[in-house]
Amino acid sequence: MDALDALLNRVSVPRLVEPAPDTAQRDLLFRAALRAPDHAQLRPWRFLTIEGPARERMGELFAEALQVADAQVSPEALNKARGMPLRAPLLVVVIARVQAHPKVPACEQVIAAGCAAHGMLLAAHAQGIGAVWRTGDMAYDAHVGKGLGLAADEQIIAYLYLGTPERELRRAPDVVVEDFVSAWEG
């Protein structure tokens, strides 16, 4: 797929089914992620893959986090949390790993990790893999971070859900570039 086609036509694909990306496809996904802009080449990211029965364990971790936050959480909310990781055959947790550096502030490192996630989304689209970037409360929850083994200098940037699109992709919406771009006259 042409790079501009991927950039202009990538859409989120929330309905995903088996199969998950294969080994060769995953290699391309991660290689694309590792080409993200990276001031001082800190590589301020890492990735966790979650699939198979680990998705159910992730759902239990999400449910535990809800219970830690609210002992009176409803059974419906717990069931919803348990089902979240089951929405795709493969999840990739994108983690920003912020390092002390005299010239690269933490915000640049977090943005670089976000660019790595975006690179994976583009590489997925280019290969016909369905993908959606999700965050939500479980991306910012301390109990979830601990359960995933995050260090104090790490934070979840994205849960990338990957798999085979359940249905035909929607068309990317047209946008008016001029609505977002203006010249600064000084």
# chains A, B, ... in the order shown; residues from 1 in each chain; ligands from 1
$ closest_atom_pairs --of "region 106-142 of chain A" --to "region 58-76 of chain A" --cutoff "12 Å" --atoms "only C-alpha atoms" --output "tab-separated table"
residue	atom	partner	partner_atom	distance
A:Gly136	CA	A:Phe62	CA	11.2
A:Asp137	CA	A:Leu66	CA	9.5
A:Met138	CA	A:Phe62	CA	6.6
A:Ala139	CA	A:Phe62	CA	9.8
A:Tyr140	CA	A:Ala65	CA	10.6
A:Asp141	CA	A:Ala65	CA	7.1
A:Ala142	CA	A:Ala65	CA	8.2
$ residues_around --residues "Val94 (chain A)" --least-positions-apart "4" --cutoff "10 Å" --atoms "only C-alpha atoms" --output "PyMOL selection string"
chain A and resi 33+45-49+113-114+116-117+120+133+139+155-160
$ write_last_selection --atoms "C-alpha atoms" --output "compact mmCIF listing (two decimals), in the first residue's frame"
# COMPACT_ATOMS: atom_id res chain seq x y z
CA ALA A 33 6.58 1.56 15.64
CA TRP A 45 8.65 3.00 24.72
CA ARG A 46 7.98 -0.65 25.20
CA PHE A 47 5.14 -2.94 24.21
CA LEU A 48 3.22 -5.80 25.80
CA THR A 49 1.25 -8.27 23.71
CA ALA A 113 5.58 6.73 22.33
CA GLY A 114 2.31 8.01 20.89
CA ALA A 116 5.12 4.66 17.86
CA ALA A 117 1.49 3.66 18.48
CA MET A 120 1.63 0.58 14.36
CA TRP A 133 -6.54 2.74 19.63
CA ALA A 139 -5.10 3.13 30.81
CA GLN A 155 2.67 5.07 31.66
CA ILE A 156 0.21 3.42 29.32
CA ILE A 157 -0.25 5.41 26.12
CA ALA A 158 -2.59 3.07 24.28
CA TYR A 159 -4.29 -0.26 24.12
CA LEU A 160 -4.12 -1.17 20.45
$ residues_around --residues "Ala131 (chain A)" --least-positions-apart "2" --cutoff "12 Å" --atoms "only C-alpha atoms" --output "PyMOL selection string"
chain A and resi 10-17+20-21+29+87-92+117-129+133-134+158-166+169
$ closest_residue --among "A:Asp2, A:Glu168, A:Glu108, A:Glu56" --to "Pro37 (chain A)" --atoms "only C-alpha atoms"
A:Glu108
$ select_by_dssp --residues "region 83-137 of chain A" --states "helix (DSSP H, G or I)" --output "list in words"
Gly83, Met84, Pro85, Leu86, Arg87, Ala106, Cys107, Glu108, Gln109, Val110, Ile111, Ala112, Ala113, Gly114, Cys115, Ala116, Ala117, His118, Gly119, Met120, Leu121, Leu122, Ala123, Ala124, His125, Ala126 and Asp137 of chain A
$ atom_distance --atom1 "CA of Ala100 (chain A)" --atom2 "CA of Leu150 (chain A)"
16.7 Å
$ closest_residue --among "A:Ala96, A:Arg171, A:Val144, A:Cys115" --to "Ala36 (chain A)" --atoms "only C-alpha atoms"
A:Cys115
$ select_by_dssp --residues "region 6-85 of chain A" --states "strand (DSSP E)" --output "list in words"
Leu16, Val17, Trp45, Arg46, Phe47, Leu48, Thr49, Ile50 and Glu51 of chain A
$ atom_distance --atom1 "CA of Gly149 (chain A)" --atom2 "CA of Glu18 (chain A)"
27.1 Å
$ closest_residue --among "A:Arg97, A:Arg82, A:Asp38, A:Gly130" --to "Arg170 (chain A)" --atoms "only C-alpha atoms"
A:Gly130
$ residues_around --residues "Ala106 (chain A)" --least-positions-apart "4" --cutoff "10 Å" --atoms "only C-alpha atoms" --output "ChimeraX atom specification"
/A:44,96-101,110-112,153
$ write_last_selection --atoms "C-alpha atoms" --output "PDB file, in the first residue's frame"
ATOM      1  CA  PRO A  44      11.121   5.799  25.275  1.00  0.00           C
ATOM      2  CA  ALA A  96       5.908   5.286  27.453  1.00  0.00           C
ATOM      3  CA  ARG A  97       9.152   4.800  29.367  1.00  0.00           C
ATOM      4  CA  VAL A  98      10.217   8.290  30.424  1.00  0.00           C
ATOM      5  CA  GLN A  99      13.913   8.728  31.130  1.00  0.00           C
ATOM      6  CA  ALA A 100      15.746  11.634  32.708  1.00  0.00           C
ATOM      7  CA  HIS A 101      17.564  13.549  29.976  1.00  0.00           C
ATOM      8  CA  VAL A 110       5.438  10.521  25.783  1.00  0.00           C
ATOM      9  CA  ILE A 111       4.668  12.036  22.377  1.00  0.00           C
ATOM     10  CA  ALA A 112       7.305   9.774  20.812  1.00  0.00           C
ATOM     11  CA  ASP A 153       8.690   6.038  35.138  1.00  0.00           C
TER      12      ASP A 153
END
$ atom_distance --atom1 "CA of Asn9 (chain A)" --atom2 "CA of Ala172 (chain A)"
5.4 Å
$ closest_residue --among "A:Leu86, A:Lys103, A:Gln25, A:Lys80" --to "His39 (chain A)" --atoms "only C-alpha atoms"
A:Lys103
